[in-house]
file model_30.cif (mmCIF, N, CA and C atoms)
data_coords
#
loop_
_atom_site.label_atom_id
_atom_site.label_comp_id
_atom_site.auth_asym_id
_atom_site.auth_seq_id
_atom_site.Cartn_x
_atom_site.Cartn_y
_atom_site.Cartn_z
N MET Z 1 0.85 -1.17 0.00
CA MET Z 1 0.00 0.00 0.00
C MET Z 1 0.90 1.24 0.00
N GLN Z 2 0.60 2.18 -0.87
CA GLN Z 2 1.38 3.40 -0.97
C GLN Z 2 0.50 4.61 -0.70
N PHE Z 3 1.04 5.56 0.01
CA PHE Z 3 0.36 6.83 0.25
C PHE Z 3 1.11 7.92 -0.51
N GLN Z 4 0.39 8.91 -0.97
CA GLN Z 4 0.97 10.07 -1.63
C GLN Z 4 0.93 11.25 -0.66
N SER Z 5 1.57 12.33 -1.01
CA SER Z 5 1.55 13.53 -0.18
C SER Z 5 0.13 14.05 -0.07
N GLY Z 6 -0.22 14.54 1.10
CA GLY Z 6 -1.51 15.17 1.29
C GLY Z 6 -1.52 16.57 0.69
N VAL Z 7 -2.71 17.12 0.53
CA VAL Z 7 -2.85 18.49 0.02
C VAL Z 7 -3.56 19.30 1.10
N PRO Z 8 -2.82 20.16 1.80
CA PRO Z 8 -3.45 20.98 2.83
C PRO Z 8 -4.45 21.97 2.22
N ILE Z 9 -5.53 22.21 2.94
CA ILE Z 9 -6.50 23.24 2.57
C ILE Z 9 -6.36 24.36 3.60
N LEU Z 10 -6.11 25.55 3.11
CA LEU Z 10 -5.94 26.71 3.98
C LEU Z 10 -7.11 27.66 3.76
N ARG Z 11 -7.70 28.11 4.84
CA ARG Z 11 -8.87 29.01 4.80
C ARG Z 11 -8.40 30.42 4.49
N ILE Z 12 -9.07 31.04 3.53
CA ILE Z 12 -8.80 32.43 3.19
C ILE Z 12 -10.11 33.21 3.24
N PHE Z 13 -10.00 34.53 3.36
CA PHE Z 13 -11.19 35.38 3.43
C PHE Z 13 -11.22 36.47 2.38
N ASP Z 14 -10.11 36.69 1.70
CA ASP Z 14 -10.01 37.78 0.74
C ASP Z 14 -9.13 37.32 -0.42
N GLU Z 15 -9.73 37.17 -1.59
CA GLU Z 15 -9.00 36.66 -2.75
C GLU Z 15 -7.79 37.52 -3.10
N GLY Z 16 -7.95 38.84 -3.09
CA GLY Z 16 -6.84 39.73 -3.45
C GLY Z 16 -5.67 39.60 -2.50
N LYS Z 17 -5.95 39.59 -1.20
CA LYS Z 17 -4.88 39.44 -0.21
C LYS Z 17 -4.21 38.08 -0.33
N ALA Z 18 -4.99 37.04 -0.58
CA ALA Z 18 -4.43 35.69 -0.72
C ALA Z 18 -3.49 35.63 -1.93
N LYS Z 19 -3.91 36.19 -3.05
CA LYS Z 19 -3.07 36.15 -4.26
C LYS Z 19 -1.81 36.99 -4.07
N ASP Z 20 -1.94 38.13 -3.42
CA ASP Z 20 -0.77 38.97 -3.16
C ASP Z 20 0.25 38.22 -2.31
N PHE Z 21 -0.24 37.51 -1.29
CA PHE Z 21 0.65 36.79 -0.38
C PHE Z 21 1.23 35.53 -1.04
N TYR Z 22 0.35 34.64 -1.51
CA TYR Z 22 0.81 33.34 -2.00
C TYR Z 22 1.48 33.40 -3.37
N LEU Z 23 0.93 34.19 -4.28
CA LEU Z 23 1.50 34.28 -5.63
C LEU Z 23 2.60 35.33 -5.69
N GLY Z 24 2.30 36.52 -5.17
CA GLY Z 24 3.26 37.60 -5.24
C GLY Z 24 4.45 37.42 -4.32
N PHE Z 25 4.21 37.23 -3.03
CA PHE Z 25 5.28 37.14 -2.04
C PHE Z 25 5.96 35.78 -2.03
N LEU Z 26 5.19 34.69 -1.89
CA LEU Z 26 5.81 33.37 -1.76
C LEU Z 26 6.19 32.73 -3.08
N GLY Z 27 5.69 33.25 -4.20
CA GLY Z 27 6.11 32.76 -5.50
C GLY Z 27 5.43 31.50 -6.00
N PHE Z 28 4.26 31.19 -5.47
CA PHE Z 28 3.50 30.06 -5.96
C PHE Z 28 2.79 30.45 -7.26
N ALA Z 29 2.38 29.46 -8.02
CA ALA Z 29 1.63 29.68 -9.27
C ALA Z 29 0.18 29.26 -9.04
N LEU Z 30 -0.73 29.96 -9.66
CA LEU Z 30 -2.15 29.60 -9.62
C LEU Z 30 -2.40 28.53 -10.66
N ASP Z 31 -2.82 27.33 -10.21
CA ASP Z 31 -3.09 26.22 -11.13
C ASP Z 31 -4.51 26.27 -11.67
N TRP Z 32 -5.46 26.50 -10.77
CA TRP Z 32 -6.85 26.62 -11.18
C TRP Z 32 -7.68 27.26 -10.08
N GLU Z 33 -8.85 27.77 -10.49
CA GLU Z 33 -9.82 28.36 -9.57
C GLU Z 33 -11.17 27.74 -9.86
N HIS Z 34 -12.00 27.63 -8.83
CA HIS Z 34 -13.36 27.12 -9.01
C HIS Z 34 -14.33 27.92 -8.16
N ARG Z 35 -15.46 28.23 -8.76
CA ARG Z 35 -16.62 28.79 -8.06
C ARG Z 35 -17.83 28.08 -8.62
N PHE Z 36 -18.80 27.79 -7.77
CA PHE Z 36 -20.00 27.14 -8.27
C PHE Z 36 -20.79 28.04 -9.21
N GLU Z 37 -20.67 29.34 -9.00
CA GLU Z 37 -21.26 30.34 -9.90
C GLU Z 37 -20.64 31.68 -9.53
N PRO Z 38 -20.77 32.70 -10.40
CA PRO Z 38 -20.20 34.01 -10.08
C PRO Z 38 -20.68 34.52 -8.72
N GLY Z 39 -19.76 35.13 -8.00
CA GLY Z 39 -20.09 35.67 -6.68
C GLY Z 39 -20.02 34.67 -5.55
N MET Z 40 -19.80 33.41 -5.86
CA MET Z 40 -19.68 32.37 -4.83
C MET Z 40 -18.23 32.30 -4.33
N PRO Z 41 -18.01 31.64 -3.18
CA PRO Z 41 -16.65 31.56 -2.63
C PRO Z 41 -15.66 30.87 -3.58
N LEU Z 42 -14.44 31.28 -3.47
CA LEU Z 42 -13.34 30.75 -4.28
C LEU Z 42 -12.78 29.47 -3.67
N TYR Z 43 -12.46 28.51 -4.51
CA TYR Z 43 -11.65 27.35 -4.14
C TYR Z 43 -10.57 27.28 -5.21
N ALA Z 44 -9.29 27.25 -4.81
CA ALA Z 44 -8.21 27.32 -5.79
C ALA Z 44 -7.07 26.40 -5.40
N GLN Z 45 -6.32 26.02 -6.42
CA GLN Z 45 -5.08 25.26 -6.19
C GLN Z 45 -3.91 26.12 -6.62
N ILE Z 46 -2.88 26.16 -5.76
CA ILE Z 46 -1.62 26.82 -6.07
C ILE Z 46 -0.51 25.80 -5.91
N SER Z 47 0.61 26.04 -6.58
CA SER Z 47 1.72 25.09 -6.46
C SER Z 47 3.04 25.79 -6.73
N ARG Z 48 4.07 25.13 -6.25
CA ARG Z 48 5.44 25.54 -6.53
C ARG Z 48 6.28 24.28 -6.44
N SER Z 49 6.93 23.93 -7.53
CA SER Z 49 7.67 22.67 -7.61
C SER Z 49 6.74 21.53 -7.22
N GLY Z 50 7.12 20.73 -6.24
CA GLY Z 50 6.29 19.60 -5.83
C GLY Z 50 5.29 19.91 -4.74
N CYS Z 51 5.21 21.17 -4.30
CA CYS Z 51 4.31 21.55 -3.22
C CYS Z 51 2.98 22.03 -3.79
N VAL Z 52 1.89 21.42 -3.33
CA VAL Z 52 0.54 21.80 -3.76
C VAL Z 52 -0.27 22.20 -2.54
N LEU Z 53 -0.94 23.34 -2.61
CA LEU Z 53 -1.82 23.82 -1.56
C LEU Z 53 -3.17 24.17 -2.15
N HIS Z 54 -4.22 23.98 -1.38
CA HIS Z 54 -5.55 24.45 -1.77
C HIS Z 54 -5.92 25.62 -0.86
N LEU Z 55 -6.53 26.64 -1.45
CA LEU Z 55 -7.01 27.81 -0.73
C LEU Z 55 -8.52 27.85 -0.87
N SER Z 56 -9.22 28.07 0.23
CA SER Z 56 -10.68 28.03 0.17
C SER Z 56 -11.32 29.16 0.96
N GLU Z 57 -12.31 29.80 0.33
CA GLU Z 57 -13.14 30.77 1.03
C GLU Z 57 -14.37 30.11 1.63
N HIS Z 58 -14.58 28.82 1.38
CA HIS Z 58 -15.74 28.09 1.91
C HIS Z 58 -15.57 27.87 3.41
N HIS Z 59 -16.54 28.28 4.19
CA HIS Z 59 -16.43 28.22 5.66
C HIS Z 59 -16.28 26.82 6.20
N GLY Z 60 -16.77 25.81 5.54
CA GLY Z 60 -16.70 24.45 6.06
C GLY Z 60 -15.45 23.69 5.68
N ASP Z 61 -14.59 24.26 4.86
CA ASP Z 61 -13.43 23.51 4.37
C ASP Z 61 -12.26 23.48 5.34
N ALA Z 62 -12.05 24.53 6.07
CA ALA Z 62 -10.90 24.60 6.98
C ALA Z 62 -11.12 25.75 7.95
N SER Z 63 -10.36 25.74 9.02
CA SER Z 63 -10.41 26.83 9.99
C SER Z 63 -9.17 27.69 9.83
N PRO Z 64 -9.29 29.00 10.02
CA PRO Z 64 -8.08 29.82 9.98
C PRO Z 64 -7.15 29.42 11.12
N GLY Z 65 -5.89 29.66 10.94
CA GLY Z 65 -4.91 29.33 11.99
C GLY Z 65 -4.28 27.97 11.80
N GLY Z 66 -4.40 27.39 10.61
CA GLY Z 66 -3.75 26.12 10.33
C GLY Z 66 -2.24 26.29 10.21
N ALA Z 67 -1.54 25.18 10.16
CA ALA Z 67 -0.08 25.20 10.03
C ALA Z 67 0.35 24.14 9.02
N VAL Z 68 1.34 24.50 8.20
CA VAL Z 68 1.87 23.60 7.17
C VAL Z 68 3.39 23.70 7.19
N ARG Z 69 4.06 22.56 7.14
CA ARG Z 69 5.52 22.51 7.02
C ARG Z 69 5.86 22.10 5.59
N ILE Z 70 6.74 22.87 4.95
CA ILE Z 70 7.09 22.65 3.55
C ILE Z 70 8.61 22.58 3.44
N GLU Z 71 9.12 21.45 2.98
CA GLU Z 71 10.57 21.30 2.84
C GLU Z 71 11.04 21.92 1.54
N VAL Z 72 12.13 22.68 1.62
CA VAL Z 72 12.78 23.28 0.45
C VAL Z 72 14.25 22.88 0.46
N ASP Z 73 14.84 22.75 -0.71
CA ASP Z 73 16.23 22.29 -0.76
C ASP Z 73 17.25 23.41 -0.58
N ASP Z 74 16.82 24.67 -0.70
CA ASP Z 74 17.75 25.80 -0.57
C ASP Z 74 17.07 26.90 0.23
N ILE Z 75 17.12 26.79 1.55
CA ILE Z 75 16.44 27.75 2.42
C ILE Z 75 17.05 29.15 2.28
N ASP Z 76 18.36 29.23 2.08
CA ASP Z 76 19.00 30.54 1.93
C ASP Z 76 18.56 31.21 0.63
N GLY Z 77 18.50 30.45 -0.44
CA GLY Z 77 18.05 31.00 -1.72
C GLY Z 77 16.61 31.46 -1.67
N TYR Z 78 15.76 30.66 -1.03
CA TYR Z 78 14.35 31.05 -0.92
C TYR Z 78 14.19 32.29 -0.05
N HIS Z 79 14.95 32.36 1.02
CA HIS Z 79 14.91 33.53 1.89
C HIS Z 79 15.33 34.78 1.11
N ALA Z 80 16.40 34.68 0.32
CA ALA Z 80 16.85 35.82 -0.48
C ALA Z 80 15.77 36.23 -1.48
N GLU Z 81 15.13 35.25 -2.09
CA GLU Z 81 14.08 35.54 -3.08
C GLU Z 81 12.91 36.31 -2.46
N ILE Z 82 12.38 35.81 -1.35
CA ILE Z 82 11.20 36.48 -0.79
C ILE Z 82 11.57 37.80 -0.12
N THR Z 83 12.76 37.90 0.44
CA THR Z 83 13.20 39.15 1.05
C THR Z 83 13.33 40.25 -0.01
N ALA Z 84 13.84 39.89 -1.17
CA ALA Z 84 14.04 40.86 -2.25
C ALA Z 84 12.72 41.45 -2.76
N LYS Z 85 11.62 40.79 -2.52
CA LYS Z 85 10.33 41.28 -3.00
C LYS Z 85 9.81 42.47 -2.20
N GLY Z 86 10.35 42.68 -1.01
CA GLY Z 86 9.95 43.83 -0.21
C GLY Z 86 8.49 43.80 0.22
N TYR Z 87 7.96 42.62 0.48
CA TYR Z 87 6.57 42.49 0.94
C TYR Z 87 6.43 43.27 2.25
N PRO Z 88 5.52 44.25 2.30
CA PRO Z 88 5.50 45.16 3.46
C PRO Z 88 4.97 44.57 4.76
N PHE Z 89 4.33 43.40 4.72
CA PHE Z 89 3.69 42.87 5.93
C PHE Z 89 4.45 41.72 6.57
N MET Z 90 5.57 41.31 5.99
CA MET Z 90 6.28 40.14 6.52
C MET Z 90 7.75 40.24 6.14
N ARG Z 91 8.62 40.18 7.13
CA ARG Z 91 10.07 40.17 6.91
C ARG Z 91 10.66 39.01 7.71
N PRO Z 92 10.45 37.78 7.27
CA PRO Z 92 10.91 36.65 8.07
C PRO Z 92 12.42 36.46 8.00
N GLY Z 93 12.94 35.86 9.05
CA GLY Z 93 14.34 35.48 9.08
C GLY Z 93 14.46 33.97 8.95
N ILE Z 94 15.66 33.47 9.12
CA ILE Z 94 15.91 32.03 9.13
C ILE Z 94 16.32 31.66 10.55
N GLU Z 95 15.69 30.63 11.08
CA GLU Z 95 15.96 30.20 12.45
C GLU Z 95 16.47 28.76 12.45
N ALA Z 96 17.58 28.52 13.18
CA ALA Z 96 18.08 27.16 13.37
C ALA Z 96 17.29 26.52 14.49
N MET Z 97 16.74 25.34 14.21
CA MET Z 97 15.91 24.65 15.19
C MET Z 97 16.69 23.51 15.83
N PRO Z 98 16.40 23.19 17.09
CA PRO Z 98 17.15 22.14 17.80
C PRO Z 98 16.96 20.74 17.22
N TRP Z 99 15.96 20.54 16.38
CA TRP Z 99 15.73 19.20 15.81
C TRP Z 99 16.40 19.04 14.45
N GLY Z 100 17.32 19.96 14.09
CA GLY Z 100 18.15 19.76 12.90
C GLY Z 100 17.61 20.36 11.62
N THR Z 101 16.85 21.44 11.72
CA THR Z 101 16.39 22.13 10.52
C THR Z 101 16.68 23.62 10.65
N ARG Z 102 16.67 24.30 9.52
CA ARG Z 102 16.68 25.76 9.47
C ARG Z 102 15.35 26.15 8.84
N GLU Z 103 14.65 27.14 9.42
CA GLU Z 103 13.28 27.41 9.02
C GLU Z 103 12.99 28.88 8.81
N ILE Z 104 12.11 29.12 7.85
CA ILE Z 104 11.50 30.43 7.63
C ILE Z 104 10.04 30.27 8.01
N LYS Z 105 9.57 31.08 8.95
CA LYS Z 105 8.18 31.00 9.38
C LYS Z 105 7.45 32.25 8.90
N VAL Z 106 6.33 32.04 8.22
CA VAL Z 106 5.50 33.16 7.76
C VAL Z 106 4.06 32.91 8.20
N ILE Z 107 3.33 33.99 8.35
CA ILE Z 107 1.91 33.93 8.69
C ILE Z 107 1.15 34.66 7.61
N ASP Z 108 0.19 33.99 6.99
CA ASP Z 108 -0.57 34.63 5.92
C ASP Z 108 -1.58 35.62 6.50
N PRO Z 109 -2.25 36.40 5.66
CA PRO Z 109 -3.20 37.39 6.16
C PRO Z 109 -4.40 36.80 6.91
N PHE Z 110 -4.52 35.47 6.94
CA PHE Z 110 -5.67 34.80 7.56
C PHE Z 110 -5.23 33.95 8.76
N PHE Z 111 -4.02 34.20 9.25
CA PHE Z 111 -3.44 33.57 10.44
C PHE Z 111 -3.02 32.11 10.24
N ASN Z 112 -2.89 31.67 9.00
CA ASN Z 112 -2.31 30.36 8.73
C ASN Z 112 -0.79 30.49 8.78
N ARG Z 113 -0.13 29.50 9.38
CA ARG Z 113 1.33 29.51 9.50
C ARG Z 113 1.94 28.55 8.50
N LEU Z 114 2.96 29.01 7.79
CA LEU Z 114 3.72 28.17 6.88
C LEU Z 114 5.16 28.19 7.33
N MET Z 115 5.72 27.00 7.54
CA MET Z 115 7.11 26.88 7.94
C MET Z 115 7.86 26.20 6.80
N PHE Z 116 8.71 26.96 6.12
CA PHE Z 116 9.56 26.42 5.07
C PHE Z 116 10.86 26.00 5.74
N PHE Z 117 11.33 24.78 5.45
CA PHE Z 117 12.51 24.30 6.17
C PHE Z 117 13.45 23.50 5.27
N SER Z 118 14.71 23.50 5.66
CA SER Z 118 15.74 22.63 5.08
C SER Z 118 16.39 21.87 6.21
N ARG Z 119 16.71 20.64 5.95
CA ARG Z 119 17.38 19.81 6.95
C ARG Z 119 18.87 20.16 6.97
N LEU Z 120 19.45 20.17 8.18
CA LEU Z 120 20.88 20.37 8.31
C LEU Z 120 21.59 19.10 7.91
N ALA Z 121 22.78 19.26 7.34
CA ALA Z 121 23.57 18.09 6.94
C ALA Z 121 23.93 17.28 8.18
N GLN Z 122 23.78 15.99 8.08
CA GLN Z 122 24.13 15.08 9.17
C GLN Z 122 25.63 14.78 9.08
N GLY Z 123 26.36 14.95 10.18
CA GLY Z 123 27.80 14.78 10.11
C GLY Z 123 28.34 13.77 10.99
#
call {"tool": "encode", "arguments": {"input": "model_30.cif", "output": "structure tokens"}}
result
Amino acid sequence: MQFQSGVPILRIFDEGKAKDFYLGFLGFALDWEHRFEPGMPLYAQISRSGCVLHLSEHHGDASPGGAVRIEVDDIDGYHAEITAKGYPFMRPGIEAMPWGTREIKVIDPFFNRLMFFSRLAQG
């Protein structure tokens, strides 16, 4: 029996703020959007490399304040990329964690936490 990676659903409340944060600041791409009809809540998929996230305005899909850990192979490069964008609401640093990772922690406009991390080399 094989399991594949899960797809987190993150609750959002404002499409413009979500796109500014996830697409503009974090560099994800919009894969698709769905609404049952015009004016209805947004459900969307975004991705970057092998990471896929779903964003939902539907109240029953998720609660704000979720947390997601996302492994990246070059934490320093990603930090330089997002820092260079000058996003006015978030200036994260890189933190060395006692369990052997270096992490960038960000909080989206809807209080969801994303921790991007790289594992330290084992010596």
call {"tool": "residues_around", "arguments": {"input": "model_30.cif", "residues": "Arg113 of chain Z", "least_positions_apart": "3", "cutoff": "5 Å", "atoms": "all atoms listed in the file", "output": "ChimeraX atom specification"}}
result
/Z:66-68,106-107
call {"tool": "write_last_selection", "arguments": {"input": "model_30.cif", "atoms": "N, CA and C atoms", "output": "compact mmCIF listing (two decimals), in the frame of the given file"}}
result
# COMPACT_ATOMS: atom_id res chain seq x y z
N GLY Z 66 -4.40 27.39 10.61
CA GLY Z 66 -3.75 26.12 10.33
C GLY Z 66 -2.24 26.29 10.21
N ALA Z 67 -1.54 25.18 10.16
CA ALA Z 67 -0.08 25.20 10.03
C ALA Z 67 0.35 24.14 9.02
N VAL Z 68 1.34 24.50 8.20
CA VAL Z 68 1.87 23.60 7.17
C VAL Z 68 3.39 23.70 7.19
N VAL Z 106 6.33 32.04 8.22
CA VAL Z 106 5.50 33.16 7.76
C VAL Z 106 4.06 32.91 8.20
N ILE Z 107 3.33 33.99 8.35
CA ILE Z 107 1.91 33.93 8.69
C ILE Z 107 1.15 34.66 7.61
call {"tool": "residues_around", "arguments": {"input": "model_30.cif", "residues": "segment 79-89 of chain Z", "least_positions_apart": "6", "cutoff": "8 Å", "atoms": "all atoms listed in the file", "output": "list in words"}}
result
Gly24, Phe25, Leu26, Gly27, Ile104 and Ile107 of chain Z
call {"tool": "select_by_dssp", "arguments": {"input": "model_30.cif", "residues": "chain Z", "states": "alpha helix (DSSP H)", "output": "tab-separated table (two decimals) with N, CA and C atoms, in the frame of the given file"}}
result
chain	number	residue	atom	x	y	z
Z	15	GLU	N	-9.73	37.17	-1.59
Z	15	GLU	CA	-9.00	36.66	-2.75
Z	15	GLU	C	-7.79	37.52	-3.10
Z	16	GLY	N	-7.95	38.84	-3.09
Z	16	GLY	CA	-6.84	39.73	-3.45
Z	16	GLY	C	-5.67	39.60	-2.50
Z	17	LYS	N	-5.95	39.59	-1.20
Z	17	LYS	CA	-4.88	39.44	-0.21
Z	17	LYS	C	-4.21	38.08	-0.33
Z	18	ALA	N	-4.99	37.04	-0.58
Z	18	ALA	CA	-4.43	35.69	-0.72
Z	18	ALA	C	-3.49	35.63	-1.93
Z	19	LYS	N	-3.91	36.19	-3.05
Z	19	LYS	CA	-3.07	36.15	-4.26
Z	19	LYS	C	-1.81	36.99	-4.07
Z	75	ILE	N	17.12	26.79	1.55
Z	75	ILE	CA	16.44	27.75	2.42
Z	75	ILE	C	17.05	29.15	2.28
Z	76	ASP	N	18.36	29.23	2.08
Z	76	ASP	CA	19.00	30.54	1.93
Z	76	ASP	C	18.56	31.21	0.63
Z	77	GLY	N	18.50	30.45	-0.44
Z	77	GLY	CA	18.05	31.00	-1.72
Z	77	GLY	C	16.61	31.46	-1.67
Z	78	TYR	N	15.76	30.66	-1.03
Z	78	TYR	CA	14.35	31.05	-0.92
Z	78	TYR	C	14.19	32.29	-0.05
Z	79	HIS	N	14.95	32.36	1.02
Z	79	HIS	CA	14.91	33.53	1.89
Z	79	HIS	C	15.33	34.78	1.11
Z	80	ALA	N	16.40	34.68	0.32
Z	80	ALA	CA	16.85	35.82	-0.48
Z	80	ALA	C	15.77	36.23	-1.48
Z	81	GLU	N	15.13	35.25	-2.09
Z	81	GLU	CA	14.08	35.54	-3.08
Z	81	GLU	C	12.91	36.31	-2.46
Z	82	ILE	N	12.38	35.81	-1.35
Z	82	ILE	CA	11.20	36.48	-0.79
Z	82	ILE	C	11.57	37.80	-0.12
Z	83	THR	N	12.76	37.90	0.44
Z	83	THR	CA	13.20	39.15	1.05
Z	83	THR	C	13.33	40.25	-0.01
Z	84	ALA	N	13.84	39.89	-1.17
Z	84	ALA	CA	14.04	40.86	-2.25
Z	84	ALA	C	12.72	41.45	-2.76
call {"tool": "residues_around", "arguments": {"input": "model_30.cif", "residues": "segment 34-48 of chain Z", "least_positions_apart": "3", "cutoff": "10 Å", "atoms": "only C-alpha atoms", "output": "MDAnalysis selection string"}}
result
chainID Z and resid 7 9:15 19 22:23 26:31 51:59 61
call {"tool": "select_by_dssp", "arguments": {"input": "model_30.cif", "residues": "segment 36-79 of chain Z", "states": "strand (DSSP E or B)", "output": "list in words"}}
result
Tyr43, Ala44, Gln45, Ile46, Ser47, Arg48, Cys51, Val52, Leu53, His54, Leu55, Ser56, Ala67, Val68, Arg69, Ile70 and Glu71 of chain Z
call {"tool": "residues_around", "arguments": {"input": "model_30.cif", "residues": "Glu71 of chain Z", "least_positions_apart": "2", "cutoff": "7 Å", "atoms": "only N, CA and C atoms", "output": "VMD selection string"}}
result
chain Z and resid 69 73 to 74 115 to 119
call {"tool": "atom_distance", "arguments": {"input": "model_30.cif", "atom1": "atom CA of Gly100 of chain Z", "atom2": "atom N of Leu120 of chain Z"}}
result
4.9 Å
call {"tool": "closest_residue", "arguments": {"input": "model_30.cif", "among": "Z:Gly50, Z:Met1, Z:Lys17, Z:Ile75", "to": "Glu95 of chain Z", "atoms": "only C-alpha atoms"}}
result
Z:Ile75
call {"tool": "atom_distance", "arguments": {"input": "model_30.cif", "atom1": "atom CA of Ala62 of chain Z", "atom2": "atom CA of Pro8 of chain Z"}}
result
9.3 Å
